[in-house]
file input-v2.tsv (TSV, C-alpha atoms and all ligand atoms)
chain	number	residue	atom	x	y	z
M	87	MET	CA	69.98	156.82	-86.51
M	88	GLN	CA	67.09	154.88	-84.98
M	89	ALA	CA	64.63	156.61	-87.29
M	90	ARG	CA	66.78	155.70	-90.26
M	91	GLN	CA	66.88	152.03	-89.26
M	92	ILE	CA	63.11	151.95	-88.81
M	93	THR	CA	62.40	153.64	-92.15
M	94	GLN	CA	64.82	151.31	-93.93
M	95	GLY	CA	63.00	148.36	-92.40
M	96	ARG	CA	59.74	149.85	-93.59
M	97	ASP	CA	61.05	150.12	-97.14
M	98	ARG	CA	61.81	146.41	-97.10
M	99	GLU	CA	58.47	145.44	-95.59
M	100	GLY	CA	56.49	147.80	-97.78
M	101	PHE	CA	53.34	149.68	-96.89
M	102	ASP	CA	50.62	147.48	-95.39
M	103	PRO	CA	47.24	148.91	-96.47
M	104	THR	CA	45.40	146.56	-94.09
M	105	ALA	CA	46.96	147.99	-90.91
M	106	TYR	CA	44.24	148.76	-88.35
M	107	GLU	CA	45.43	152.37	-87.96
M	108	TYR	CA	44.60	153.36	-91.54
M	109	VAL	CA	41.02	154.57	-91.70
M	110	TYR	CA	39.33	154.43	-95.09
M	111	ARG	CA	36.31	156.42	-96.20
M	112	TYR	CA	33.79	154.85	-98.59
M	113	VAL	CA	33.33	157.05	-101.66
M	114	THR	CA	30.79	156.42	-104.41
M	115	ALA	CA	30.85	157.93	-107.90
M	116	GLU	CA	27.97	160.17	-106.68
M	117	ASP	CA	25.86	159.97	-109.83
M	118	ASP	CA	22.47	158.39	-110.63
M	119	LYS	CA	24.03	155.02	-111.55
M	120	VAL	CA	25.24	154.26	-108.01
M	121	CYS	CA	23.29	151.30	-106.56
M	122	PRO	CA	21.22	151.67	-103.32
M	123	ASP	CA	23.58	149.49	-101.27
M	124	CYS	CA	26.54	151.64	-102.21
M	125	ILE	CA	24.63	154.89	-101.61
M	126	SER	CA	23.77	153.74	-98.09
M	127	THR	CA	27.46	153.04	-97.38
M	128	ASP	CA	28.71	156.34	-98.86
M	129	GLY	CA	30.79	158.24	-96.31
M	130	SER	CA	31.14	155.32	-93.88
M	131	THR	CA	34.62	154.66	-92.52
M	132	PHE	CA	36.44	151.34	-92.06
M	133	PRO	CA	39.77	150.51	-90.38
M	134	GLY	CA	42.26	148.88	-92.76
M	135	ALA	CA	42.09	145.61	-90.84
M	136	TYR	CA	38.37	145.21	-91.73
M	137	ILE	CA	38.53	146.05	-95.44
M	138	LEU	CA	38.88	142.49	-96.74
M	139	GLN	CA	36.30	141.14	-94.26
M	140	GLU	CA	33.72	143.71	-95.34
M	141	PHE	CA	34.68	143.76	-99.02
M	142	PRO	CA	36.32	140.44	-99.99
M	143	TYR	CA	36.86	141.50	-103.62
M	144	ALA	CA	38.47	144.84	-102.79
M	145	GLU	CA	41.69	145.53	-104.67
M	146	HIS	CA	44.40	147.84	-103.35
M	147	LEU	CA	45.34	150.29	-106.10
M	148	GLY	CA	48.17	151.85	-104.09
M	149	ASN	CA	48.68	155.04	-102.06
M	150	GLY	CA	45.82	154.28	-99.68
M	151	VAL	CA	43.14	153.76	-102.33
M	152	TRP	CA	41.09	150.57	-102.78
M	153	LEU	CA	38.69	149.65	-105.56
M	154	VAL	CA	35.79	148.14	-103.59
M	155	ASN	CA	34.51	145.70	-106.30
M	156	ARG	CA	31.32	145.17	-104.33
M	157	HIS	CA	29.32	144.14	-107.37
M	158	LEU	CA	29.75	144.05	-111.16
M	159	LYS	CA	30.81	147.51	-112.46
M	160	CYS	CA	31.03	148.91	-108.92
M	161	ARG	CA	33.08	152.11	-109.14
M	162	CYS	CA	33.25	152.78	-105.41
M	163	LEU	CA	36.56	153.53	-103.72
M	164	LEU	CA	37.88	153.33	-100.19
M	165	ILE	CA	40.23	156.25	-99.57
M	166	CYS	CA	42.52	156.90	-96.61
M	167	ASP	CA	42.63	160.69	-96.19
M	168	GLN	CA	45.15	160.57	-93.33
M	169	MET	CA	47.73	158.26	-94.90
M	170	VAL	CA	50.74	160.55	-94.47
M	171	GLU	CA	49.76	161.66	-90.95
M	172	THR	CA	49.06	158.08	-89.82
M	173	CYS	CA	52.40	156.87	-91.24
M	174	ALA	CA	54.16	159.65	-89.32
M	175	GLU	CA	52.31	158.74	-86.09
M	176	LYS	CA	53.16	155.05	-86.48
M	177	LEU	CA	56.81	155.92	-87.10
M	178	SER	CA	57.14	158.23	-84.09
M	179	PHE	CA	55.43	155.59	-81.92
M	180	GLU	CA	57.92	152.93	-83.06
M	181	ILE	CA	60.84	155.30	-82.38
M	182	SER	CA	59.50	155.96	-78.87
M	183	LEU	CA	59.55	152.19	-78.19
M	184	SER	CA	63.10	151.62	-79.47
M	201	ZN	ZN	29.54	150.51	-105.58
call {"tool": "encode", "arguments": {"input": "input-v2.tsv", "output": "structure tokens"}}
result
Amino acid sequence: MQARQITQGRDREGFDPTAYEYVYRYVTAEDDKVCPDCISTDGSTFPGAYILQEFPYAEHLGNGVWLVNRHLKCRCLLICDQMVETCAEKLSFEISLS
């Protein structure tokens, strides 16, 4: 019952891709057109709360994937590999508090 109430609340609030708990990995297109700045960031990880500070033009595409938009024609992505697991952890933590 408590879990149902919490998940219903979550449906109304929607998924917040900038939550600190979501960790995103920087992924380049990995070809010879990737710029040096992007190559040097490849593989770095960023908490969701820092995405828009680090990459002000980033655009959330949905399902834990951001288009970084670091420069013109930038194809880099920020991808959260642990989206489902982190959602489950957040949910069980909220249930433990209620
Ligand atoms: Zn790039």
call {"tool": "residues_near_ligand", "arguments": {"input": "input-v2.tsv", "ligand": "ligand ZN 201 (chain M)", "cutoff": "8 Å", "atoms": "all atoms listed in the file", "output": "ChimeraX atom specification"}}
result
/M:114-115,120-121,123-125,154-157,159-163
call {"tool": "residues_around", "arguments": {"input": "input-v2.tsv", "residues": "Asp102 of chain M", "least_positions_apart": "6", "cutoff": "10 Å", "atoms": "all atoms listed in the file", "output": "PyMOL selection string"}}
result
chain M and resi 96+108+134-135+150
call {"tool": "residues_around", "arguments": {"input": "input-v2.tsv", "residues": "Phe132 of chain M", "least_positions_apart": "2", "cutoff": "7 Å", "atoms": "only C-alpha atoms", "output": "number ranges by chain"}}
result
M: 109-111, 130, 134, 136-137
call {"tool": "closest_residue", "arguments": {"input": "input-v2.tsv", "among": "M:Thr172, M:Gln139, M:Thr127, M:Ser184", "to": "Phe101 of chain M", "atoms": "all atoms listed in the file"}}
result
M:Thr172
call {"tool": "atom_distance", "arguments": {"input": "input-v2.tsv", "atom1": "atom CA of Trp152 of chain M", "atom2": "atom CA of Cys166 of chain M"}}
result
9.0 Å
call {"tool": "atom_distance", "arguments": {"input": "input-v2.tsv", "atom1": "atom CA of Val170 of chain M", "atom2": "atom CA of Leu147 of chain M"}}
result
16.4 Å
call {"tool": "atom_distance", "arguments": {"input": "input-v2.tsv", "atom1": "atom CA of Glu175 of chain M", "atom2": "atom CA of Tyr112 of chain M"}}
result
22.7 Å
call {"tool": "decode", "arguments": {"input": "input-v2.tsv", "residues": "chain M", "atoms": "C-alpha atoms", "output": "mmCIF file, in the first residue's frame"}}
result
data_model
loop_
_atom_site.group_PDB
_atom_site.id
_atom_site.type_symbol
_atom_site.label_atom_id
_atom_site.label_comp_id
_atom_site.auth_asym_id
_atom_site.auth_seq_id
_atom_site.Cartn_x
_atom_site.Cartn_y
_atom_site.Cartn_z
ATOM 1 C CA MET M 87 0.000 0.000 0.000
ATOM 2 C CA GLN M 88 2.745 2.455 0.932
ATOM 3 C CA ALA M 89 4.749 1.477 -2.135
ATOM 4 C CA ARG M 90 1.695 2.037 -4.303
ATOM 5 C CA GLN M 91 1.139 5.522 -2.883
ATOM 6 C CA ILE M 92 4.779 6.439 -3.439
ATOM 7 C CA THR M 93 4.838 5.152 -7.022
ATOM 8 C CA GLN M 94 1.584 6.961 -7.805
ATOM 9 C CA GLY M 95 3.123 10.161 -6.477
ATOM 10 C CA ARG M 96 6.146 9.528 -8.654
ATOM 11 C CA ASP M 97 3.956 9.170 -11.732
ATOM 12 C CA ARG M 98 2.494 12.595 -11.047
ATOM 13 C CA GLU M 99 5.857 14.220 -10.383
ATOM 14 C CA GLY M 100 7.565 12.510 -13.282
ATOM 15 C CA PHE M 101 11.156 11.360 -13.488
ATOM 16 C CA ASP M 102 13.678 14.036 -12.515
ATOM 17 C CA PRO M 103 16.828 13.493 -14.616
ATOM 18 C CA THR M 104 18.747 16.056 -12.540
ATOM 19 C CA ALA M 105 18.495 14.130 -9.255
ATOM 20 C CA TYR M 106 21.928 13.860 -7.624
ATOM 21 C CA GLU M 107 21.657 10.057 -7.368
ATOM 22 C CA TYR M 108 21.620 9.489 -11.128
ATOM 23 C CA VAL M 109 25.179 9.149 -12.377
ATOM 24 C CA TYR M 110 25.757 9.868 -16.051
ATOM 25 C CA ARG M 111 28.678 8.687 -18.148
ATOM 26 C CA TYR M 112 30.037 10.932 -20.920
ATOM 27 C CA VAL M 113 30.039 9.076 -24.243
ATOM 28 C CA THR M 114 31.508 10.436 -27.477
ATOM 29 C CA ALA M 115 30.766 9.157 -30.978
ATOM 30 C CA GLU M 116 34.269 7.577 -30.843
ATOM 31 C CA ASP M 117 35.310 8.436 -34.386
ATOM 32 C CA ASP M 118 37.930 10.794 -35.866
ATOM 33 C CA LYS M 119 35.514 13.761 -35.926
ATOM 34 C CA VAL M 120 35.238 14.024 -32.126
ATOM 35 C CA CYS M 121 36.865 17.256 -30.905
ATOM 36 C CA PRO M 122 39.807 17.191 -28.401
ATOM 37 C CA ASP M 123 37.731 18.652 -25.550
ATOM 38 C CA CYS M 124 35.136 15.933 -25.927
ATOM 39 C CA ILE M 125 37.762 13.177 -26.246
ATOM 40 C CA SER M 126 39.330 14.293 -22.965
ATOM 41 C CA THR M 127 35.935 14.077 -21.221
ATOM 42 C CA ASP M 128 35.026 10.671 -22.703
ATOM 43 C CA GLY M 129 34.188 8.198 -19.943
ATOM 44 C CA SER M 130 33.958 10.817 -17.169
ATOM 45 C CA THR M 131 30.951 10.577 -14.872
ATOM 46 C CA PHE M 132 28.696 13.359 -13.551
ATOM 47 C CA PRO M 133 25.890 13.299 -10.962
ATOM 48 C CA GLY M 134 22.546 14.447 -12.386
ATOM 49 C CA ALA M 135 22.585 17.551 -10.195
ATOM 50 C CA TYR M 136 25.727 18.852 -11.989
ATOM 51 C CA ILE M 137 24.697 18.215 -15.600
ATOM 52 C CA LEU M 138 23.263 21.666 -16.316
ATOM 53 C CA GLN M 139 26.107 23.428 -14.473
ATOM 54 C CA GLU M 140 28.746 21.586 -16.492
ATOM 55 C CA PHE M 141 26.807 21.535 -19.773
ATOM 56 C CA PRO M 142 24.312 24.428 -19.866
ATOM 57 C CA TYR M 143 22.993 23.486 -23.322
ATOM 58 C CA ALA M 144 22.404 19.825 -22.500
ATOM 59 C CA GLU M 145 18.999 18.524 -23.529
ATOM 60 C CA HIS M 146 17.312 15.573 -21.822
ATOM 61 C CA LEU M 147 16.144 13.137 -24.494
ATOM 62 C CA GLY M 148 14.389 10.853 -22.005
ATOM 63 C CA ASN M 149 15.145 7.523 -20.314
ATOM 64 C CA GLY M 150 18.342 8.778 -18.705
ATOM 65 C CA VAL M 151 19.994 10.056 -21.889
ATOM 66 C CA TRP M 152 21.131 13.656 -22.481
ATOM 67 C CA LEU M 153 22.399 15.257 -25.664
ATOM 68 C CA VAL M 154 25.366 17.279 -24.374
ATOM 69 C CA ASN M 155 25.290 20.104 -27.011
ATOM 70 C CA ARG M 156 28.734 21.239 -25.906
ATOM 71 C CA HIS M 157 29.521 22.876 -29.227
ATOM 72 C CA LEU M 158 28.025 23.078 -32.727
ATOM 73 C CA LYS M 159 27.363 19.554 -34.101
ATOM 74 C CA CYS M 160 28.460 17.935 -30.823
ATOM 75 C CA ARG M 161 27.130 14.370 -30.874
ATOM 76 C CA CYS M 162 28.170 13.463 -27.344
ATOM 77 C CA LEU M 163 25.710 11.877 -24.939
ATOM 78 C CA LEU M 164 25.435 11.558 -21.186
ATOM 79 C CA ILE M 165 24.013 8.154 -20.316
ATOM 80 C CA CYS M 166 22.849 6.827 -16.959
ATOM 81 C CA ASP M 167 23.638 3.092 -16.971
ATOM 82 C CA GLN M 168 22.079 2.460 -13.556
ATOM 83 C CA MET M 169 18.741 4.200 -14.102
ATOM 84 C CA VAL M 170 16.509 1.254 -13.162
ATOM 85 C CA GLU M 171 18.658 0.206 -10.192
ATOM 86 C CA THR M 172 18.896 3.781 -8.868
ATOM 87 C CA CYS M 173 15.121 4.267 -9.193
ATOM 88 C CA ALA M 174 14.589 1.052 -7.217
ATOM 89 C CA GLU M 175 17.054 2.178 -4.514
ATOM 90 C CA LYS M 176 15.396 5.590 -4.217
ATOM 91 C CA LEU M 177 11.980 3.934 -3.948
ATOM 92 C CA SER M 178 13.004 1.446 -1.255
ATOM 93 C CA PHE M 179 14.682 4.275 0.683
ATOM 94 C CA GLU M 180 11.481 6.355 0.564
ATOM 95 C CA ILE M 181 9.430 3.343 1.711
ATOM 96 C CA SER M 182 11.815 2.806 4.635
ATOM 97 C CA LEU M 183 11.187 6.421 5.745
ATOM 98 C CA SER M 184 7.382 6.221 5.532
#
